[in-house]
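Q: I have a structure here, written as structure tokens, and I will follow up with some questions on it.
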Amino acid sequence: MDIEVKVPATVANLGPGFDCLGVAVGAHLTLRFTESKKTEIAGKGPLRQVPDNYTYRAFVAAYAAAHVQAPEVRIETIDYYPSARGMGASASAIVAGLVAARMAGDLHLSDQDLAGLAIRIEGHGDNVLPALFGGLVLNSHDGWMRFEPSADLEPLILVAREKFRTEAARRVLPADVPRVDAVANTAATAALVAILTGRGPVEGLMMAMEDRLHEPYRLPLMPETLELHSALRAQGIPTALSGAGPSLISIVEAGAKEESAALAERTMPAGWKVLMPGWDLSGAQVR
């Protein structure tokens, strides 16, 4: 066994697509899997050791789903992107373990099987499905649809300087929401999918990235994020929380990305940084 896996970061929600919409972007987690006498976790970045390591748990789960005993393995991080920033780091780690196991063990698991395992482990299809398949994915309990995001649009990821845990952001969400807010989010999500796939006017992005279901409750927990979110939208840059935050995503016309990035840099607090990763259309890659 000598396998290298490259999995994209993902941005969930994109504003109104709460728990149902996510997209893969061109920042990546790269891991190497090799035979070992004893399972070990090594390499760059913050490393969760066995048995709490997401990649290892997914690796074992794939073998278990195929009714095969998982081998001992060395999992080495070659490259990574910031974790606990709203960029789907846990989803990428899980997908990496699943696709590596399928290759290493020649397991008879379909993409559908891997998707089901990923959702079961991570809990949210809006993160793991784009990591697995690339592109823009709309999902529900009944299935999912994958779309190709338009090359005329570009994502800017505004990476927060401090971490924030999704669990804290989820605890503040109300159990029920007003009907008017649910209707507004439905309309915005439909518009956002249309615009991102080149079927709607880009002028509608400000409306299409406005959320009423989670951002009004989460943003007050993150003062720097709230201030930057408000400032960018006030300057006409369509912006939303990246996942549950604290980072943000702005989606801009490709020809204006440098100008928009420069404006964001002038507006951001110290310690934040701008990524211009582009879309990832390939999803998890194994070699």
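Residue names in the structure tokens use chain letters A, B, ... in the order shown, residue numbers from 1 in each chain, and ligand numbers from 1 in the order shown.
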If you count only C-alpha atoms, which residues fall within 8 Å of A:Thr39, apart from same-chain ones fewer than 5 positions away, as a ChimeraX atom specification?
A: /A:50,72-75
Q: Neighbouring residues of stretch 246-263 of chain A were defined as those with any atom within 7 Å, considering only C-alpha atoms; residues of the same chain fewer than 2 positions away were excluded. Please report them as a VMD selection string.
A: chain A and resid 85 to 86 152 to 160 163 to 164 222 225 237 to 242 244 265 to 267 274
Q: Could you jot down the atom CA of A:Arg212 to atom CA of A:Ala169 separation for me, Å, one decimal place?
A: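 Rounded to one decimal, the two atoms are 14.7 Å apart.
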Q: Per DSSP on the backbone, filter stretch 34-169 of chain A down to the residues in strand (DSSP E or B) and report them as a ChimeraX atom specification.
A: /A:34-35,40-43,73-79,136-140,143-147,153-159
Q: Export C-alpha atoms of the chosen residues as an mmCIF file, in the first residue's frame?
A:
data_model
loop_
_atom_site.group_PDB
_atom_site.id
_atom_site.type_symbol
_atom_site.label_atom_id
_atom_site.label_comp_id
_atom_site.auth_asym_id
_atom_site.auth_seq_id
_atom_site.Cartn_x
_atom_site.Cartn_y
_atom_site.Cartn_z
ATOM 1 C CA THR A 34 1.357 3.351 3.663
ATOM 2 C CA GLU A 35 1.641 -0.091 5.203
ATOM 3 C CA GLU A 40 0.165 5.802 13.374
ATOM 4 C CA ILE A 41 -0.714 9.393 12.492
ATOM 5 C CA ALA A 42 2.100 11.657 11.286
ATOM 6 C CA GLY A 43 2.965 14.692 9.194
ATOM 7 C CA VAL A 73 -1.755 1.885 8.352
ATOM 8 C CA ARG A 74 0.449 4.953 8.570
ATOM 9 C CA ILE A 75 -1.459 8.131 7.699
ATOM 10 C CA GLU A 76 0.782 11.093 6.944
ATOM 11 C CA THR A 77 -0.445 14.644 6.295
ATOM 12 C CA ILE A 78 1.444 16.105 3.329
ATOM 13 C CA ASP A 79 -0.549 19.316 2.931
ATOM 14 C CA LEU A 136 -21.725 22.390 -6.305
ATOM 15 C CA VAL A 137 -23.975 19.883 -4.530
ATOM 16 C CA LEU A 138 -27.581 20.319 -3.415
ATOM 17 C CA ASN A 139 -28.663 17.581 -1.018
ATOM 18 C CA SER A 140 -31.556 16.469 1.145
ATOM 19 C CA GLY A 143 -30.678 12.319 -2.377
ATOM 20 C CA TRP A 144 -28.523 14.925 -4.056
ATOM 21 C CA MET A 145 -27.788 16.713 -7.311
ATOM 22 C CA ARG A 146 -24.394 17.898 -8.504
ATOM 23 C CA PHE A 147 -23.878 21.021 -10.622
ATOM 24 C CA LEU A 153 -17.743 33.494 -11.011
ATOM 25 C CA GLU A 154 -14.964 33.082 -8.445
ATOM 26 C CA PRO A 155 -14.988 32.355 -4.711
ATOM 27 C CA LEU A 156 -12.959 34.442 -2.298
ATOM 28 C CA ILE A 157 -12.427 32.788 1.076
ATOM 29 C CA LEU A 158 -11.759 35.279 3.859
ATOM 30 C CA VAL A 159 -10.032 33.112 6.455
#
Q: Would you list, as a ChimeraX atom specification, the residues of stretch 129-228 of chain A that end up in helix (DSSP H, G or I) under DSSP run on this structure's backbone?
A: /A:129-133,166-171,179-196,202-208,215-221,223-228
Q: Hey, can you spit out that residue selection with N, CA and C atoms as a short mmCIF file (atom, residue, chain, number, x, y, z; two decimals), in the first residue's frame?
A:
data_model
loop_
_atom_site.label_atom_id
_atom_site.label_comp_id
_atom_site.auth_asym_id
_atom_site.auth_seq_id
_atom_site.Cartn_x
_atom_site.Cartn_y
_atom_site.Cartn_z
N LEU A 129 -20.30 15.70 0.54
CA LEU A 129 -20.60 15.37 -0.86
C LEU A 129 -19.77 16.21 -1.84
N PRO A 130 -19.64 17.53 -1.65
CA PRO A 130 -18.72 18.27 -2.53
C PRO A 130 -17.27 17.81 -2.39
N ALA A 131 -16.86 17.43 -1.18
CA ALA A 131 -15.50 16.94 -0.99
C ALA A 131 -15.28 15.66 -1.78
N LEU A 132 -16.28 14.82 -1.86
CA LEU A 132 -16.18 13.54 -2.57
C LEU A 132 -16.29 13.71 -4.08
N PHE A 133 -17.26 14.53 -4.52
CA PHE A 133 -17.58 14.61 -5.94
C PHE A 133 -17.11 15.89 -6.63
N THR A 166 -18.04 24.39 15.22
CA THR A 166 -19.39 24.30 14.66
C THR A 166 -20.42 24.01 15.73
N GLU A 167 -20.04 23.21 16.73
CA GLU A 167 -21.01 22.86 17.78
C GLU A 167 -21.56 24.11 18.47
N ALA A 168 -20.69 25.07 18.75
CA ALA A 168 -21.13 26.31 19.40
C ALA A 168 -22.05 27.10 18.48
N ALA A 169 -21.75 27.11 17.18
CA ALA A 169 -22.58 27.84 16.23
C ALA A 169 -23.95 27.17 16.05
N ARG A 170 -24.01 25.87 16.21
CA ARG A 170 -25.28 25.16 16.04
C ARG A 170 -26.18 25.28 17.27
N ARG A 171 -25.57 25.43 18.44
CA ARG A 171 -26.36 25.50 19.68
C ARG A 171 -27.27 26.72 19.73
N ARG A 179 -42.33 31.62 9.16
CA ARG A 179 -42.59 31.16 7.79
C ARG A 179 -42.00 32.12 6.77
N VAL A 180 -42.10 33.42 7.04
CA VAL A 180 -41.58 34.40 6.09
C VAL A 180 -40.08 34.22 5.87
N ASP A 181 -39.35 33.83 6.93
CA ASP A 181 -37.91 33.60 6.79
C ASP A 181 -37.64 32.32 5.98
N ALA A 182 -38.43 31.29 6.22
CA ALA A 182 -38.27 30.05 5.46
C ALA A 182 -38.54 30.27 3.98
N VAL A 183 -39.57 31.05 3.68
CA VAL A 183 -39.90 31.33 2.27
C VAL A 183 -38.79 32.15 1.62
N ALA A 184 -38.28 33.14 2.35
CA ALA A 184 -37.20 33.98 1.80
C ALA A 184 -35.97 33.13 1.50
N ASN A 185 -35.63 32.20 2.39
CA ASN A 185 -34.46 31.35 2.15
C ASN A 185 -34.67 30.39 0.99
N THR A 186 -35.89 29.90 0.84
CA THR A 186 -36.18 29.03 -0.29
C THR A 186 -35.95 29.76 -1.61
N ALA A 187 -36.46 30.99 -1.68
CA ALA A 187 -36.30 31.79 -2.89
C ALA A 187 -34.83 32.12 -3.14
N ALA A 188 -34.12 32.48 -2.08
CA ALA A 188 -32.71 32.85 -2.23
C ALA A 188 -31.87 31.65 -2.68
N THR A 189 -32.14 30.48 -2.12
CA THR A 189 -31.37 29.29 -2.48
C THR A 189 -31.60 28.92 -3.94
N ALA A 190 -32.86 28.99 -4.38
CA ALA A 190 -33.16 28.71 -5.79
C ALA A 190 -32.43 29.69 -6.70
N ALA A 191 -32.44 30.96 -6.33
CA ALA A 191 -31.75 31.97 -7.13
C ALA A 191 -30.24 31.72 -7.14
N LEU A 192 -29.69 31.34 -5.99
CA LEU A 192 -28.25 31.12 -5.88
C LEU A 192 -27.78 29.98 -6.77
N VAL A 193 -28.52 28.87 -6.77
CA VAL A 193 -28.16 27.74 -7.63
C VAL A 193 -28.21 28.16 -9.10
N ALA A 194 -29.25 28.91 -9.46
CA ALA A 194 -29.37 29.38 -10.84
C ALA A 194 -28.20 30.27 -11.24
N ILE A 195 -27.82 31.19 -10.36
CA ILE A 195 -26.73 32.12 -10.68
C ILE A 195 -25.39 31.39 -10.72
N LEU A 196 -25.14 30.52 -9.74
CA LEU A 196 -23.86 29.83 -9.68
C LEU A 196 -23.64 28.90 -10.87
N VAL A 202 -25.98 37.65 -12.55
CA VAL A 202 -25.05 37.81 -11.43
C VAL A 202 -25.42 38.99 -10.56
N GLU A 203 -26.19 39.91 -11.12
CA GLU A 203 -26.63 41.07 -10.32
C GLU A 203 -27.50 40.64 -9.14
N GLY A 204 -28.02 39.42 -9.20
CA GLY A 204 -28.88 38.94 -8.12
C GLY A 204 -28.15 38.27 -6.97
N LEU A 205 -26.81 38.25 -7.02
CA LEU A 205 -26.05 37.52 -5.99
C LEU A 205 -26.24 38.10 -4.59
N MET A 206 -26.37 39.41 -4.47
CA MET A 206 -26.56 39.99 -3.14
C MET A 206 -27.81 39.43 -2.48
N MET A 207 -28.91 39.41 -3.22
CA MET A 207 -30.15 38.84 -2.69
C MET A 207 -30.02 37.33 -2.49
N ALA A 208 -29.36 36.67 -3.44
CA ALA A 208 -29.28 35.21 -3.41
C ALA A 208 -28.40 34.69 -2.28
N GLU A 215 -27.51 32.71 9.90
CA GLU A 215 -26.54 33.79 10.08
C GLU A 215 -26.97 34.83 11.12
N PRO A 216 -28.25 35.23 11.19
CA PRO A 216 -28.62 36.22 12.21
C PRO A 216 -28.36 35.75 13.63
N TYR A 217 -28.31 34.44 13.85
CA TYR A 217 -28.09 33.89 15.18
C TYR A 217 -26.61 33.60 15.43
N ARG A 218 -25.89 33.26 14.37
CA ARG A 218 -24.49 32.89 14.53
C ARG A 218 -23.54 34.09 14.52
N LEU A 219 -23.80 35.04 13.65
CA LEU A 219 -22.86 36.15 13.49
C LEU A 219 -22.59 36.92 14.78
N PRO A 220 -23.58 37.15 15.66
CA PRO A 220 -23.27 37.86 16.91
C PRO A 220 -22.26 37.14 17.80
N LEU A 221 -22.06 35.82 17.59
CA LEU A 221 -21.06 35.09 18.36
C LEU A 221 -19.64 35.40 17.90
N PRO A 223 -17.77 38.60 16.63
CA PRO A 223 -17.81 40.06 16.37
C PRO A 223 -16.99 40.49 15.16
N GLU A 224 -15.78 39.96 14.98
CA GLU A 224 -14.97 40.36 13.82
C GLU A 224 -15.64 39.92 12.52
N THR A 225 -16.18 38.71 12.53
CA THR A 225 -16.85 38.19 11.33
C THR A 225 -18.08 39.02 11.01
N LEU A 226 -18.86 39.35 12.02
CA LEU A 226 -20.06 40.15 11.83
C LEU A 226 -19.72 41.51 11.23
N GLU A 227 -18.70 42.16 11.76
CA GLU A 227 -18.32 43.49 11.27
C GLU A 227 -17.86 43.42 9.81
N LEU A 228 -17.04 42.41 9.49
CA LEU A 228 -16.54 42.28 8.13
C LEU A 228 -17.66 41.90 7.16
#
Q: Have a look at atom CA of A:Tyr54 and atom CA of A:Leu31 and let me know their distance in Å, one decimal.
A: 12.5 Å
Q: Please determine, counting only C-alpha atoms, which residue among A:Asp106, A:Asp113, A:Asp126, A:Glu162 has the shortest atom-to-atom distance to A:Ala84.
A: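 Between A:Asp106, A:Asp113, A:Asp126, A:Glu162, the residue approaching A:Ala84 most closely is A:Glu162.
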Q: Kindly indicate which residue among A:Ile94, A:Leu21, A:Met276, A:Ala104 lies nearest to A:Met209, using only C-alpha atoms for the distances.
A: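 With only C-alpha atoms as the atom set, the closest residue is A:Leu21.
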Q: What is the atom CA of A:Ala284-atom CA of A:Asp211 distance in Å, reported with one decimal?
A: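 A separation of 29.2 Å between them.
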Q: Which one of A:Gly105, A:Gly88, A:Pro51, A:Gly271 sits closest to A:Gln69 if you count only C-alpha atoms?
A: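 Smallest distance to A:Gln69 is found for A:Gly105.
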Q: Given the choices A:Ala115, A:Ala70, A:Ile121, A:Leu98, which gets closest to A:Gln285 if the distance is worked out from only C-alpha atoms?
A: A:Leu98
